[in-house]
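Below: one structure, written as structure tokens.
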Amino acid sequence: MKEVLPDRDRGSCVVAGRDNATNAPLRWLVRLLGLCAYAFLVLGIVLANVSRNNSNGEWQEFALKWQNLSGPLAYHDEFQRGLRELGYVEGRNILIEYRFADGKFDRLGALAAELIQLNVDVIVSVVTQASLAAKNATGTIPIVIVSVGDPVGAGLVASLARPGANVTGNSAMTIEVIGKSLGLFKQTVPRVSPMAVLWNPNNVVYQGQILRETEAKARTLGIELQMFGARGPEEFDSTFAAITGASMASLLVLADPLFSAYTARIADFADKSRLPAMYGLREHAAAGGLMSYGPNYAELYRRAASYVDRILKGAKPADLPVEQPTKFEFVINLRTAKALDLAIPPGVLAIADEVIE
């Protein structure tokens, strides 16, 4: 039987009592506090664990806070799945709450600082901007990064093998992946140049990194690029009009939390404009985009749970190497290809991980 008690220090509730199955004292209490940048887009995660013994020292209570700083909401289920596999069961020893940041990256620092003031023990941050906000807020609390494009280049860790300090986690390798994406795109589409590149100027650190790599790889492939920025959905129409007016031959949509929230809208624009498009997230291809290539983000979220578990059990972030993705997804939407009168080369189809027909 569990009793819900008010947590006056934090203005919410905690669960205390005994495990229904074993009647043993609950050893783990996990509470997640969520912050969401868009109404249906999670922009990152911050987890916090507060450890303390009760008066007789029989069990420990852990509070885990979730701060959404960056990343697609759809993968939250995968993070929960990873936690369940490690013994964290929602409704029995885990509670989930959400807060919203309204898409404002400039709030990330304040939101991270808020959790630091709550005496958190572990921070899990998704994507570069969120991770930098967490690192800037604390040099002592362990930080688990998830789906960061280039952790070393962003200054989050000293190296992948030896992260150093208080940061570890996993990398999405999106900086390295962009070259492969452009290569696959050029193999598939007869004319890709000039190519429009849709990017988010508000996500300046990560997008700046990937833009530089995109420009470098495009030069080696002989692709002419033109950049088109959109800071929010209110700028989509004007940006789309600018792309149409510039007579682009193709479209590259860089992976970004903003764009992952509007997959159907972006794919619809590309398809109606008869622009072959390459995306960084599978969800874009599933929504009607032509092609996507990138890491398996669901796996990255599941793996993040293992870092949280190890740190809660005493491991130090400096001793846990940053993992790189081992699973990548190349998705082709044949329905869209047919609508564009585009014949996908057999060699390209043969290496696709998924073909949507």
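Within each chain, counting starts at residue 1; across the structure tokens, chains are named A, B, ... in the order shown, with ligands numbered 1 upward in that order.
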
I want to know what sits within 10 Å of Pro345 of chain A, based on only C-alpha atoms, with residues of the same chain fewer than 3 positions away left out; could you give that as JSON, numbers by chain? {"A": [187, 188, 189, 342, 348, 349, 350]}

Give me the segment 177-205 of chain A side of the contact with segment 258-281 of chain A, cut-off 9 Å, one line per residue showing its nearest atom pair and distance in Å at one decimal, counting only C-alpha atoms, sorted by chain and residue number, as a Markdown table.
```
| residue | atom | partner | partner_atom | distance |
| --- | --- | --- | --- | --- |
| A:Val177 | CA | A:Gly280 | CA | 8.8 |
| A:Ile178 | CA | A:Gly280 | CA | 8.2 |
| A:Ser181 | CA | A:Met278 | CA | 7.4 |
| A:Leu182 | CA | A:Met278 | CA | 8.1 |
| A:Phe185 | CA | A:Met278 | CA | 6.7 |
| A:Val189 | CA | A:Pro276 | CA | 7.4 |
| A:Val192 | CA | A:Pro276 | CA | 8.0 |
| A:Trp199 | CA | A:Phe259 | CA | 8.6 |
| A:Asn200 | CA | A:Leu258 | CA | 7.6 |
```

Please measure the separation of atom CA of Leu160 of chain A and atom CA of Gln129 of chain A, giving the value in Å to one decimal.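 Those two atoms sit 18.4 Å apart.
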
I need the strand (DSSP E or B) residues of segment 251-284 of chain A per DSSP on the backbone, written as a PyMOL selection string. chain A and resi 251-253+277-279

Using only C-alpha atoms, which residue out of A:Ile243, A:Ala165, A:Leu312, A:Val152 lies closest to Thr140 of chain A? A:Ala165

Counting only C-alpha atoms, what is within 7 Å of Glu323 of chain A, bar same-chain residues fewer than 6 positions away, as a VMD selection string? chain A and resid 169 to 171

Please provide as a PyMOL selection string all residues within 6 Å of Ala318 of chain A, with the sequence filter that same-chain residues fewer than 2 positions apart are discarded (counting only C-alpha atoms). chain A and resi 163-165+316+320

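Using only C-alpha atoms, the smallest distance between any of A:Val322, A:Leu251, A:Ala154, A:Val308 and Pro142 of chain A comes from A:Val308.
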
Nearby residues (only C-alpha atoms) at most 7 Å from segment 224-240 of chain A, same-chain spacing under 3 positions excluded, as a list in words: Ser193, Pro194, Met195, Ala196, Val197, Leu198, Trp199, Asn200, Pro201, Asn202, Ala218, Ile243, Thr244 and Leu258 of chain A

Give me the residues within 7 Å of Tyr301 of chain A as a PyMOL selection string, counting only C-alpha atoms and dropping any in the same chain fewer than 5 places off. chain A and resi 75+78-79+146

What are the DSSP alpha helix (DSSP H) residues of segment 108-337 of chain A, as a count of residues only? 102

Interatomic distance between atom CA of Ile351 of chain A and atom CA of Leu334 of chain A?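 So the answer is 14.0 Å.
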
Option closest in space to Ala255 of chain A, from A:Ser125, A:Gln117, A:Asn203, A:Thr336 [counting only C-alpha atoms]: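 When distances to Ala255 of chain A are compared using only C-alpha atoms, the smallest one comes from A:Asn203.
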